[in-house]
Amino acid sequence: MSVKSMEKKEKNLVELTIEVSGEVFAAATEKAYRRNAAKMNVPGFRKGKAPRKIIEAMYGQGVFFQEAVDGTWTEAYEQAVEAEGLEPVERPEVEVEEIGADGYTFVARVHVYPEIEIGQYKGLSAYAPPAAADEAQVDADVERLRERNASLVTAERPARAGDTVILDYEGFIDGVPFEGGKGERQTLELGSGRFIPGFEEKLEGAVAGEEPEVALSFPEEYHAKHLAGKAVVFKCKIHEVKEKVLPDADDEFAKDISEFDTLEAYKESVRKRLLEAAERESEAAFENALLAKIIPTITGDIPEAMIQQRLENIVNDFSYSLRQRGMNLQSYMQMAGLDERALLEQFRPQAENHTKCGLVFDKIVELENLELSEGELDAEYARLAELYSMNADETRKAVGEKSLTRDLLALKASKLITGSAVRLDKPEEEEAAKPQPKPKTPAKTPAAKKSTAAKSADKPAAAPKKKPAVKKEEEA
């Protein structure tokens with residue numbers, strides 16, 4: 001492999017012209033011949049026995065060139081990138097220019113990590129929301145557990161919101177039962193919203209043994225289009241009415257639902273957990289407020305490919321979180337009235353912000369010469385292995401060293417920003433509204449020094465945006 005030329009285009013686009021030697025290409029072509037000869041029909045020869053020259057004479061000299069290119073360009077590209085000290089942020093676009101028995105030349109176009117500058121990042125100030133455990137949240141936690149551990153007891157009275165009824169029902173449209181509209185001995189909590197709007201409310205006041213008829217209409221936006229907006233009558237039979245009985249919030253309850261002997265001890269553990277969460281949220285809000293001041297100072301072109309990759313990751317993460325809750329992305333988009341374009345537009349500001357935050361962290365790592373101390377990487381791998389119940393080798397395979405190093409260095413950069421910053425007790429809007437003492441002499445704000453470009457990004461998988469096509473023999 002040799003790099004014939006490297007040209008920097010606009011907005012961090014680099015164009016590499018790379019030559020693959022005849023020796024490397026010949027070996028790859030021979031390998032392609034051996035892999036495909038058995039599949040080719042050549043008169044007078046059994047499959048797999050026809051000499052390469054006979055096949056090439058019959059199908060053309062370049063019959064194996066495409067496969068030979070596919071098997072060699074990736075390594076040649078990666079060697080060229082390393083030799084030129086480039087850090088791509090996307091997969092390359094590859095195009096073969098010249099090809100023959102003595103090798104081939106291809107052009108790889110790829111966006112590389114941008115050279116940016118940032119303004120002041122130390123000694124900033126921002127509002128840090130106070131972190132506190134709300135006693136109402138503690139009580140709400142206890143109530144949630146009481147609800148979860150409630151028992152259902154038969155109630156000899158009319159049903160009301162919050163009760164559970166055992167019922168049969170069958171739905172009719174214009175006097176004709178419809179598919180999916182029938183259920184027997186179904187358990188329904190009134191007020192849960194499981195049935196279409198109005199159904200549960202109309203069962204309030206019903207008693208066991210009663211056979212009420214519920215008349216209403218399906219919502220206009222109902223997921224089953226053949227039922228949407230249709231008037232329906234549900235004929236019901238109430239078998240039982242059960243009321244929810246919550247356990248008393250006392251020490252015995254605490255023993256049943258936790259490892260604590262008293263309710264107060266359990267509440268104290270909840271306060272501690274809530275306070276820790278509030279502290280994390282406060283710190284995150286403080287950091288975000290500081291980053292919001294640094295990001296506008298970025299100068300330099302940011303490749304669209306970086307934002308698109310981040311956007312793809314965010315959507316994939318969102319899709320995964322939906323699946324964890326029993327929903328898929330298509331169902332969510334249908335319920336939210338979004339198409340794919342609208343969904344991407346919804347997440348794009350987040351993707352842009354994440355991309356710029358990463359650039360800021362990488363720049364600070366460069367400017368401050370931040371490094372990992374001996375053992376920090378091993379300690380983080382050990383923590384991840386314990387967290388995900390994996391052994392050391394599995395963890396290192398799952399999380400690349402370069403990626404993890406970058407994350408840990410970004411954390412150091414974040415701590416440098418927050419550690420040098422001033423924490424305001426009130427939002428800056430309130431501080432600005434206060435009457436300020438008039439300075440005796442005018443104060444000048446020094447301009448932030450500009451700095452050199454950062455280069456910190458993982459290499460993406462070396463796959464082209466489009467498969468490099470080999471020209472036909474007569475065009476070569």
# chains A, B, ... in the order shown; residues from 1 in each chain; ligands from 1
>>> residues_around(residues="A:Leu370", least_positions_apart="6", cutoff="12 Å", atoms="only C-alpha atoms", output="PyMOL selection string")
chain A and resi 361-364+405-406+408-416
>>> write_last_selection(atoms="all heavy atoms", output="tab-separated table (two decimals), in the first residue's frame")
chain	number	residue	atom	x	y	z
A	361	PHE	N	-14.99	18.41	25.80
A	361	PHE	CA	-14.21	17.56	26.71
A	361	PHE	C	-12.89	17.16	26.07
A	361	PHE	O	-11.83	17.21	26.71
A	361	PHE	CB	-15.01	16.32	27.09
A	361	PHE	CG	-16.19	16.60	27.97
A	361	PHE	CD1	-17.37	15.86	27.84
A	361	PHE	CD2	-16.16	17.59	28.93
A	361	PHE	CE1	-18.46	16.11	28.65
A	361	PHE	CE2	-17.24	17.85	29.75
A	361	PHE	CZ	-18.41	17.11	29.61
A	362	ASP	N	-12.93	16.73	24.80
A	362	ASP	CA	-11.70	16.32	24.13
A	362	ASP	C	-10.71	17.47	24.02
A	362	ASP	O	-9.50	17.28	24.15
A	362	ASP	CB	-12.02	15.77	22.74
A	362	ASP	CG	-12.67	14.40	22.78
A	362	ASP	OD1	-12.61	13.75	23.84
A	362	ASP	OD2	-13.26	13.98	21.77
A	363	LYS	N	-11.22	18.66	23.78
A	363	LYS	CA	-10.35	19.83	23.66
A	363	LYS	C	-9.67	20.13	25.00
A	363	LYS	O	-8.47	20.44	25.05
A	363	LYS	CB	-11.15	21.04	23.19
A	363	LYS	CG	-10.30	22.26	22.91
A	363	LYS	CD	-9.35	21.99	21.76
A	363	LYS	CE	-8.49	23.21	21.46
A	363	LYS	NZ	-7.54	22.95	20.36
A	364	ILE	N	-10.43	20.04	26.08
A	364	ILE	CA	-9.86	20.31	27.40
A	364	ILE	C	-8.83	19.25	27.76
A	364	ILE	O	-7.79	19.56	28.36
A	364	ILE	CB	-10.98	20.39	28.46
A	364	ILE	CG1	-11.86	21.61	28.19
A	364	ILE	CG2	-10.41	20.43	29.87
A	364	ILE	CD1	-13.09	21.69	29.05
A	405	THR	N	-11.08	4.74	27.66
A	405	THR	CA	-10.10	5.77	28.02
A	405	THR	C	-10.66	7.16	27.72
A	405	THR	O	-10.54	8.08	28.54
A	405	THR	CB	-8.80	5.56	27.23
A	405	THR	OG1	-8.23	4.29	27.59
A	405	THR	CG2	-7.78	6.66	27.55
A	406	ARG	N	-11.29	7.29	26.55
A	406	ARG	CA	-11.86	8.59	26.18
A	406	ARG	C	-12.96	9.00	27.16
A	406	ARG	O	-13.05	10.17	27.56
A	406	ARG	CB	-12.42	8.51	24.76
A	406	ARG	CG	-12.96	9.83	24.23
A	406	ARG	CD	-13.26	9.73	22.75
A	406	ARG	NE	-13.74	11.01	22.24
A	406	ARG	CZ	-15.01	11.33	22.09
A	406	ARG	NH1	-15.95	10.46	22.42
A	406	ARG	NH2	-15.36	12.51	21.61
A	408	LEU	N	-13.27	8.12	30.33
A	408	LEU	CA	-12.68	8.47	31.62
A	408	LEU	C	-11.99	9.82	31.56
A	408	LEU	O	-12.03	10.60	32.54
A	408	LEU	CB	-11.70	7.38	32.07
A	408	LEU	CG	-12.32	6.02	32.40
A	408	LEU	CD1	-11.23	5.00	32.72
A	408	LEU	CD2	-13.28	6.14	33.58
A	409	LEU	N	-11.34	10.12	30.45
A	409	LEU	CA	-10.70	11.42	30.31
A	409	LEU	C	-11.75	12.53	30.21
A	409	LEU	O	-11.54	13.64	30.73
A	409	LEU	CB	-9.80	11.43	29.08
A	409	LEU	CG	-8.51	10.61	29.20
A	409	LEU	CD1	-7.77	10.58	27.87
A	409	LEU	CD2	-7.61	11.17	30.30
A	410	ALA	N	-12.87	12.24	29.55
A	410	ALA	CA	-13.96	13.22	29.48
A	410	ALA	C	-14.49	13.52	30.87
A	410	ALA	O	-14.84	14.66	31.20
A	410	ALA	CB	-15.09	12.69	28.58
A	411	LEU	N	-14.54	12.49	31.73
A	411	LEU	CA	-14.98	12.69	33.10
A	411	LEU	C	-14.01	13.60	33.86
A	411	LEU	O	-14.42	14.47	34.63
A	411	LEU	CB	-15.10	11.34	33.81
A	411	LEU	CG	-15.66	11.35	35.22
A	411	LEU	CD1	-17.07	11.93	35.23
A	411	LEU	CD2	-15.70	9.94	35.79
A	412	LYS	N	-12.73	13.42	33.61
A	412	LYS	CA	-11.73	14.30	34.23
A	412	LYS	C	-11.91	15.75	33.75
A	412	LYS	O	-11.81	16.69	34.55
A	412	LYS	CB	-10.31	13.82	33.88
A	412	LYS	CG	-9.84	12.59	34.66
A	412	LYS	CD	-8.43	12.19	34.22
A	412	LYS	CE	-7.92	11.01	35.02
A	412	LYS	NZ	-7.43	11.42	36.35
A	413	ALA	N	-12.17	15.91	32.45
A	413	ALA	CA	-12.38	17.25	31.91
A	413	ALA	C	-13.62	17.89	32.53
A	413	ALA	O	-13.63	19.08	32.86
A	413	ALA	CB	-12.53	17.18	30.39
A	414	SER	N	-14.66	17.08	32.69
A	414	SER	CA	-15.89	17.59	33.32
A	414	SER	C	-15.62	18.06	34.75
A	414	SER	O	-16.08	19.13	35.16
A	414	SER	CB	-16.96	16.49	33.31
A	414	SER	OG	-18.07	16.87	34.08
A	415	LYS	N	-14.88	17.26	35.49
A	415	LYS	CA	-14.56	17.63	36.87
A	415	LYS	C	-13.69	18.88	36.93
A	415	LYS	O	-13.80	19.67	37.87
A	415	LYS	CB	-13.88	16.45	37.57
A	415	LYS	CG	-14.83	15.29	37.86
A	415	LYS	CD	-14.12	14.15	38.57
A	415	LYS	CE	-15.11	13.03	38.90
A	415	LYS	NZ	-14.44	11.87	39.56
A	416	LEU	N	-12.84	19.05	35.93
A	416	LEU	CA	-12.02	20.27	35.91
A	416	LEU	C	-12.90	21.50	35.70
A	416	LEU	O	-12.69	22.54	36.35
A	416	LEU	CB	-10.99	20.15	34.78
A	416	LEU	CG	-9.95	21.26	34.70
A	416	LEU	CD1	-8.62	20.70	34.19
A	416	LEU	CD2	-10.39	22.40	33.78
>>> residues_around(residues="stretch 226-243 of chain A", least_positions_apart="4", cutoff="7 Å", atoms="only C-alpha atoms", output="PyMOL selection string")
chain A and resi 152-155+159+163-173+207-222
>>> closest_residue(among="A:Tyr381, A:Asn36, A:Glu78, A:Ala83", to="A:Ser5", atoms="only C-alpha atoms")
A:Ala83
>>> residues_around(residues="stretch 101-117 of chain A", least_positions_apart="3", cutoff="6 Å", atoms="only C-alpha atoms", output="MDAnalysis selection string")
chainID A and resid 12:22 25 87:89 92:98 298:300 302 451 453:454
>>> select_by_dssp(residues="stretch 109-245 of chain A", states="strand (DSSP E or B)", output="PyMOL selection string")
chain A and resi 109-112+117+125-127+151-154+164-173+176-189+213-217+231-245
>>> closest_residue(among="A:Val24, A:Leu290, A:Ala254, A:Ile295", to="A:Tyr266", atoms="only C-alpha atoms")
A:Ala254
>>> select_by_dssp(residues="stretch 2-142 of chain A", states="helix (DSSP H, G or I)", output="ChimeraX atom specification")
/A:10-12,22-39,52-59,65-70,73-84,135-142
>>> closest_residue(among="A:Pro51, A:Pro158, A:Gly123, A:Pro468", to="A:Ala38", atoms="only C-alpha atoms")
A:Pro51
